[in-house]
file data_31.cif (mmCIF, N, CA and C atoms)
data_work
loop_
_atom_site.label_atom_id
_atom_site.label_comp_id
_atom_site.auth_asym_id
_atom_site.auth_seq_id
_atom_site.Cartn_x
_atom_site.Cartn_y
_atom_site.Cartn_z
N MET A 19 157.07 6.47 60.37
CA MET A 19 157.30 6.17 58.97
C MET A 19 157.34 4.65 58.78
N LYS A 20 156.53 4.15 57.88
CA LYS A 20 156.45 2.71 57.64
C LYS A 20 157.71 2.20 56.98
N LYS A 21 158.12 1.02 57.45
CA LYS A 21 159.28 0.36 56.88
C LYS A 21 158.83 -0.97 56.29
N ALA A 22 159.39 -1.32 55.16
CA ALA A 22 159.09 -2.60 54.53
C ALA A 22 160.16 -3.60 54.93
N LEU A 23 159.75 -4.84 55.12
CA LEU A 23 160.68 -5.89 55.52
C LEU A 23 160.26 -7.18 54.83
N ASP A 24 161.22 -7.86 54.24
CA ASP A 24 160.96 -9.16 53.62
C ASP A 24 161.09 -10.24 54.69
N VAL A 25 160.07 -11.10 54.76
CA VAL A 25 160.07 -12.22 55.71
C VAL A 25 159.66 -13.48 54.96
N GLU A 26 159.81 -14.60 55.63
CA GLU A 26 159.39 -15.89 55.07
C GLU A 26 158.52 -16.59 56.09
N ILE A 27 157.32 -16.96 55.66
CA ILE A 27 156.38 -17.68 56.52
C ILE A 27 155.93 -18.92 55.79
N LEU A 28 156.18 -20.06 56.41
CA LEU A 28 155.85 -21.36 55.85
C LEU A 28 156.41 -21.51 54.43
N GLY A 29 157.66 -21.06 54.28
CA GLY A 29 158.35 -21.20 53.01
C GLY A 29 157.96 -20.20 51.94
N GLN A 30 157.06 -19.28 52.29
CA GLN A 30 156.61 -18.29 51.31
C GLN A 30 157.16 -16.92 51.69
N LYS A 31 157.84 -16.30 50.75
CA LYS A 31 158.41 -14.97 51.00
C LYS A 31 157.33 -13.92 50.79
N LEU A 32 157.30 -12.94 51.70
CA LEU A 32 156.39 -11.82 51.53
C LEU A 32 157.00 -10.58 52.18
N THR A 33 156.50 -9.44 51.77
CA THR A 33 156.97 -8.17 52.31
C THR A 33 155.90 -7.62 53.23
N ILE A 34 156.32 -7.28 54.45
CA ILE A 34 155.40 -6.67 55.40
C ILE A 34 155.84 -5.23 55.64
N SER A 35 154.90 -4.40 56.04
CA SER A 35 155.18 -2.99 56.24
C SER A 35 154.59 -2.55 57.57
N SER A 36 155.38 -1.80 58.36
CA SER A 36 154.92 -1.39 59.67
C SER A 36 155.73 -0.21 60.18
N ASP A 37 155.17 0.49 61.16
CA ASP A 37 155.90 1.55 61.85
C ASP A 37 156.79 0.97 62.95
N ALA A 38 156.59 -0.30 63.26
CA ALA A 38 157.32 -0.94 64.35
C ALA A 38 158.79 -1.15 63.98
N GLU A 39 159.58 -1.41 65.01
CA GLU A 39 160.99 -1.71 64.81
C GLU A 39 161.14 -3.01 64.03
N GLU A 40 162.21 -3.11 63.28
CA GLU A 40 162.47 -4.31 62.48
C GLU A 40 162.53 -5.55 63.35
N SER A 41 163.16 -5.46 64.52
CA SER A 41 163.28 -6.63 65.40
C SER A 41 161.91 -7.12 65.85
N TYR A 42 160.99 -6.17 66.09
CA TYR A 42 159.64 -6.55 66.48
C TYR A 42 158.90 -7.21 65.32
N MET A 43 159.04 -6.64 64.13
CA MET A 43 158.40 -7.21 62.95
C MET A 43 158.89 -8.63 62.70
N LEU A 44 160.20 -8.85 62.87
CA LEU A 44 160.76 -10.19 62.70
C LEU A 44 160.23 -11.14 63.76
N LYS A 45 160.07 -10.63 64.98
CA LYS A 45 159.55 -11.46 66.07
C LYS A 45 158.12 -11.90 65.78
N VAL A 46 157.29 -10.97 65.31
CA VAL A 46 155.89 -11.28 65.00
C VAL A 46 155.81 -12.26 63.84
N ALA A 47 156.55 -12.00 62.77
CA ALA A 47 156.55 -12.91 61.62
C ALA A 47 157.07 -14.28 62.02
N GLY A 48 158.10 -14.31 62.86
CA GLY A 48 158.63 -15.59 63.35
C GLY A 48 157.61 -16.36 64.15
N TYR A 49 156.83 -15.65 64.95
CA TYR A 49 155.79 -16.29 65.76
C TYR A 49 154.73 -16.93 64.87
N VAL A 50 154.29 -16.20 63.86
CA VAL A 50 153.30 -16.73 62.92
C VAL A 50 153.87 -17.94 62.18
N ASP A 51 155.11 -17.83 61.73
CA ASP A 51 155.75 -18.93 61.03
C ASP A 51 155.85 -20.16 61.94
N GLU A 52 156.22 -19.93 63.20
CA GLU A 52 156.33 -21.02 64.18
C GLU A 52 155.00 -21.75 64.33
N LYS A 53 153.92 -20.97 64.47
CA LYS A 53 152.59 -21.56 64.63
C LYS A 53 152.20 -22.37 63.39
N MET A 54 152.47 -21.80 62.22
CA MET A 54 152.10 -22.49 60.98
C MET A 54 152.97 -23.73 60.76
N GLN A 55 154.25 -23.64 61.08
CA GLN A 55 155.14 -24.80 60.95
C GLN A 55 154.67 -25.94 61.86
N ALA A 56 154.32 -25.59 63.10
CA ALA A 56 153.85 -26.61 64.05
C ALA A 56 152.59 -27.29 63.54
N LEU A 57 151.67 -26.51 63.00
CA LEU A 57 150.43 -27.09 62.46
C LEU A 57 150.71 -27.96 61.24
N SER A 58 151.63 -27.54 60.39
CA SER A 58 151.92 -28.32 59.19
C SER A 58 152.58 -29.65 59.55
N ARG A 59 153.32 -29.67 60.65
CA ARG A 59 153.95 -30.94 61.09
C ARG A 59 152.93 -31.84 61.77
N ALA A 60 151.98 -31.25 62.48
CA ALA A 60 151.02 -32.02 63.27
C ALA A 60 149.85 -32.55 62.44
N GLN A 61 149.53 -31.90 61.36
CA GLN A 61 148.38 -32.27 60.54
C GLN A 61 148.80 -33.18 59.39
N LYS A 62 147.85 -33.97 58.93
CA LYS A 62 148.10 -34.66 57.67
C LYS A 62 148.25 -33.59 56.60
N PRO A 63 148.79 -33.89 55.48
CA PRO A 63 149.01 -32.84 54.48
C PRO A 63 147.73 -32.05 54.17
N VAL A 64 147.82 -30.75 54.38
CA VAL A 64 146.73 -29.84 54.05
C VAL A 64 147.31 -28.63 53.32
N ASN A 65 146.45 -27.90 52.65
CA ASN A 65 146.97 -26.77 51.90
C ASN A 65 147.32 -25.61 52.84
N LYS A 66 148.14 -24.70 52.32
CA LYS A 66 148.66 -23.60 53.13
C LYS A 66 147.56 -22.67 53.63
N SER A 67 146.51 -22.49 52.85
CA SER A 67 145.46 -21.58 53.32
C SER A 67 144.73 -22.17 54.53
N ASN A 68 144.55 -23.48 54.56
CA ASN A 68 143.93 -24.11 55.73
C ASN A 68 144.84 -24.00 56.95
N ILE A 69 146.14 -24.18 56.74
CA ILE A 69 147.11 -24.04 57.83
C ILE A 69 147.08 -22.61 58.34
N ALA A 70 147.01 -21.64 57.42
CA ALA A 70 146.97 -20.23 57.82
C ALA A 70 145.72 -19.93 58.64
N MET A 71 144.57 -20.48 58.23
CA MET A 71 143.33 -20.25 58.98
C MET A 71 143.40 -20.89 60.36
N LEU A 72 143.93 -22.10 60.45
CA LEU A 72 144.07 -22.75 61.75
C LEU A 72 145.03 -21.98 62.65
N ALA A 73 146.12 -21.50 62.09
CA ALA A 73 147.07 -20.70 62.86
C ALA A 73 146.41 -19.42 63.35
N ALA A 74 145.65 -18.77 62.47
CA ALA A 74 144.95 -17.54 62.86
C ALA A 74 143.96 -17.81 63.99
N LEU A 75 143.24 -18.92 63.92
CA LEU A 75 142.31 -19.27 64.99
C LEU A 75 143.04 -19.53 66.29
N ASN A 76 144.16 -20.23 66.23
CA ASN A 76 144.95 -20.50 67.44
C ASN A 76 145.50 -19.22 68.04
N ILE A 77 145.99 -18.32 67.20
CA ILE A 77 146.53 -17.05 67.69
C ILE A 77 145.41 -16.19 68.27
N ALA A 78 144.25 -16.18 67.62
CA ALA A 78 143.10 -15.42 68.14
C ALA A 78 142.66 -15.98 69.49
N ASP A 79 142.68 -17.31 69.63
CA ASP A 79 142.33 -17.94 70.91
C ASP A 79 143.31 -17.50 71.99
N GLU A 80 144.60 -17.55 71.70
CA GLU A 80 145.62 -17.11 72.67
C GLU A 80 145.37 -15.65 73.06
N TYR A 81 145.13 -14.81 72.06
CA TYR A 81 144.90 -13.39 72.31
C TYR A 81 143.72 -13.17 73.25
N HIS A 82 142.59 -13.83 72.96
CA HIS A 82 141.40 -13.61 73.77
C HIS A 82 141.56 -14.17 75.18
N ARG A 83 142.25 -15.28 75.33
CA ARG A 83 142.51 -15.80 76.68
C ARG A 83 143.40 -14.84 77.47
N LEU A 84 144.44 -14.32 76.83
CA LEU A 84 145.31 -13.36 77.49
C LEU A 84 144.58 -12.06 77.81
N LYS A 85 143.71 -11.62 76.90
CA LYS A 85 142.93 -10.40 77.12
C LYS A 85 142.02 -10.57 78.33
N GLU A 86 141.34 -11.70 78.41
CA GLU A 86 140.46 -11.97 79.55
C GLU A 86 141.26 -12.00 80.85
N SER A 87 142.40 -12.65 80.82
CA SER A 87 143.26 -12.72 82.00
C SER A 87 143.74 -11.33 82.40
N HIS A 88 144.11 -10.52 81.43
CA HIS A 88 144.55 -9.15 81.67
C HIS A 88 143.43 -8.33 82.31
N GLU A 89 142.22 -8.46 81.79
CA GLU A 89 141.08 -7.73 82.32
C GLU A 89 140.77 -8.17 83.75
N THR A 90 140.87 -9.46 84.01
CA THR A 90 140.65 -9.97 85.36
C THR A 90 141.67 -9.39 86.33
N ILE A 91 142.92 -9.35 85.91
CA ILE A 91 143.98 -8.80 86.76
C ILE A 91 143.75 -7.30 86.99
N LEU A 92 143.39 -6.57 85.94
CA LEU A 92 143.12 -5.13 86.10
C LEU A 92 141.95 -4.89 87.04
N ASN A 93 140.89 -5.68 86.93
CA ASN A 93 139.74 -5.53 87.82
C ASN A 93 140.14 -5.81 89.27
N ARG A 94 140.94 -6.85 89.46
CA ARG A 94 141.39 -7.18 90.82
C ARG A 94 142.28 -6.07 91.37
N LEU A 95 143.16 -5.55 90.55
CA LEU A 95 144.03 -4.45 90.96
C LEU A 95 143.21 -3.22 91.32
N ASN A 96 142.18 -2.94 90.54
CA ASN A 96 141.30 -1.81 90.83
C ASN A 96 140.58 -1.99 92.16
N GLN A 97 140.10 -3.21 92.43
CA GLN A 97 139.44 -3.50 93.70
C GLN A 97 140.39 -3.29 94.87
N LEU A 98 141.61 -3.81 94.73
CA LEU A 98 142.59 -3.68 95.81
C LEU A 98 142.99 -2.22 96.01
N SER A 99 143.10 -1.49 94.93
CA SER A 99 143.44 -0.07 95.02
C SER A 99 142.36 0.70 95.77
N LYS A 100 141.10 0.42 95.44
CA LYS A 100 139.99 1.08 96.13
C LYS A 100 139.97 0.71 97.61
N LYS A 101 140.23 -0.55 97.90
CA LYS A 101 140.25 -1.02 99.28
C LYS A 101 141.37 -0.32 100.06
N LEU A 102 142.52 -0.22 99.45
CA LEU A 102 143.66 0.43 100.09
C LEU A 102 143.36 1.91 100.31
N SER A 103 142.78 2.55 99.32
CA SER A 103 142.43 3.96 99.43
C SER A 103 141.43 4.18 100.57
N THR A 104 140.46 3.31 100.67
CA THR A 104 139.46 3.41 101.75
C THR A 104 140.13 3.22 103.10
N MET A 105 141.01 2.26 103.22
CA MET A 105 141.71 1.99 104.48
C MET A 105 142.58 3.19 104.87
N LEU A 106 143.27 3.78 103.92
CA LEU A 106 144.12 4.92 104.21
C LEU A 106 143.30 6.14 104.61
N THR A 107 142.12 6.30 103.98
CA THR A 107 141.24 7.42 104.31
C THR A 107 140.69 7.27 105.72
N GLU A 108 140.32 6.04 106.08
CA GLU A 108 139.76 5.78 107.41
C GLU A 108 140.81 5.99 108.49
N GLU A 109 142.07 5.65 108.20
CA GLU A 109 143.13 5.81 109.19
C GLU A 109 143.58 7.25 109.31
N GLY A 110 143.45 8.02 108.24
CA GLY A 110 143.96 9.38 108.19
C GLY A 110 143.05 10.33 108.84
#
call {"tool": "encode", "arguments": {"input": "data_31.cif", "output": "structure tokens"}}
result
Amino acid sequence: MKKALDVEILGQKLTISSDAEESYMLKVAGYVDEKMQALSRAQKPVNKSNIAMLAALNIADEYHRLKESHETILNRLNQLSKKLSTMLTEEG
């Protein structure tokens, strides 16, 4: 069941809705706000939509880097699992 939650991101209040726990929703909204706040401090004055787009690009970059890293780890784990299985079969 979806729950609505009021949050504030970059000084703008909005209502988000999700099946997730409230604590998780607050964590996600806080993360987005953190990214946007950091960009607004680091950049010369720019409008909020540009800050939002830059934050989205930064978050997408983080996501894809983590996804690639995750896939690399899963592939390595799969290789090691197959190697271990082969070794156990040969010994058995």
call {"tool": "resolve_selection", "arguments": {"input": "data_31.cif", "expression": "the PyMOL selection byres (((chain A and resi 74 and name CA) around 12) and name CA)", "output": "PyMOL selection string"}}
result
chain A and resi 49-54+57+67-73+75-81
call {"tool": "select_by_dssp", "arguments": {"input": "data_31.cif", "residues": "chain A", "states": "strand (DSSP E or B)", "output": "list of chain:residue names"}}
result
A:Lys21, A:Ala22, A:Leu23, A:Asp24, A:Val25, A:Glu26, A:Ile27, A:Gln30, A:Lys31, A:Leu32, A:Thr33, A:Ile34, A:Ser35, A:Ser36
call {"tool": "atom_distance", "arguments": {"input": "data_31.cif", "atom1": "CA of Glu40 in chain A", "atom2": "CA of Leu28 in chain A"}}
result
19.5 Å
call {"tool": "residues_near_point", "arguments": {"input": "data_31.cif", "point": "(153.8, -2.9, 55.4)", "cutoff": "6.5 Å", "atoms": "only N, CA and C atoms", "output": "list in words"}}
result
Lys21, Ala22, Leu23, Thr33, Ile34, Ser35 and Ser36 of chain A
call {"tool": "atom_distance", "arguments": {"input": "data_31.cif", "atom1": "CA of Ser103 in chain A", "atom2": "CA of His88 in chain A"}}
result
22.2 Å
call {"tool": "residues_around", "arguments": {"input": "data_31.cif", "residues": "Ala38 in chain A", "least_positions_apart": "6", "cutoff": "8 Å", "atoms": "only N, CA and C atoms", "output": "list in words"}}
result
Met19, Lys20, Lys21 and Leu44 of chain A
call {"tool": "atom_distance", "arguments": {"input": "data_31.cif", "atom1": "atom N of Gln55 in chain A", "atom2": "atom C of Ile27 in chain A"}}
result
7.3 Å
call {"tool": "axis_aligned_box", "arguments": {"input": "data_31.cif", "around": "range 77-94 of chain A", "padding_each_side": "3 Å", "output": "lines of an AutoDock Vina configuration file"}}
result
center_x = 143.1
center_y = -11.6
center_z = 79.3
size_x = 12.8
size_y = 19.4
size_z = 30.2
call {"tool": "select_by_dssp", "arguments": {"input": "data_31.cif", "residues": "chain A", "states": "helix (DSSP H, G or I)", "output": "PyMOL selection string"}}
result
chain A and resi 40-60+66-109
call {"tool": "decode", "arguments": {"input": "data_31.cif", "residues": "range 81-95 of chain A", "atoms": "N, CA and C atoms", "output": "short mmCIF file (atom, residue, chain, number, x, y, z; two decimals), in the first residue's frame"}}
result
data_model
loop_
_atom_site.label_atom_id
_atom_site.label_comp_id
_atom_site.auth_asym_id
_atom_site.auth_seq_id
_atom_site.Cartn_x
_atom_site.Cartn_y
_atom_site.Cartn_z
N TYR A 81 25.17 5.37 -9.87
CA TYR A 81 24.41 4.13 -10.05
C TYR A 81 25.09 3.21 -11.06
N HIS A 82 25.47 3.77 -12.22
CA HIS A 82 26.05 2.93 -13.26
C HIS A 82 27.43 2.42 -12.87
N ARG A 83 28.20 3.21 -12.17
CA ARG A 83 29.51 2.73 -11.69
C ARG A 83 29.33 1.60 -10.68
N LEU A 84 28.38 1.76 -9.76
CA LEU A 84 28.11 0.70 -8.79
C LEU A 84 27.55 -0.55 -9.46
N LYS A 85 26.70 -0.37 -10.46
CA LYS A 85 26.13 -1.50 -11.19
C LYS A 85 27.23 -2.28 -11.90
N GLU A 86 28.14 -1.58 -12.55
CA GLU A 86 29.26 -2.24 -13.23
C GLU A 86 30.12 -2.99 -12.23
N SER A 87 30.40 -2.36 -11.11
CA SER A 87 31.21 -3.00 -10.06
C SER A 87 30.50 -4.24 -9.53
N HIS A 88 29.20 -4.14 -9.32
CA HIS A 88 28.40 -5.27 -8.84
C HIS A 88 28.45 -6.43 -9.84
N GLU A 89 28.30 -6.12 -11.12
CA GLU A 89 28.33 -7.14 -12.16
C GLU A 89 29.70 -7.80 -12.23
N THR A 90 30.75 -7.02 -12.08
CA THR A 90 32.11 -7.56 -12.08
C THR A 90 32.30 -8.52 -10.91
N ILE A 91 31.82 -8.13 -9.75
CA ILE A 91 31.93 -8.98 -8.56
C ILE A 91 31.12 -10.26 -8.75
N LEU A 92 29.90 -10.15 -9.28
CA LEU A 92 29.08 -11.34 -9.52
C LEU A 92 29.74 -12.28 -10.52
N ASN A 93 30.32 -11.74 -11.58
CA ASN A 93 31.01 -12.57 -12.56
C ASN A 93 32.20 -13.29 -11.93
N ARG A 94 32.95 -12.57 -11.12
CA ARG A 94 34.11 -13.17 -10.44
C ARG A 94 33.65 -14.26 -9.47
N LEU A 95 32.59 -13.99 -8.74
CA LEU A 95 32.04 -14.97 -7.82
C LEU A 95 31.57 -16.22 -8.56
#
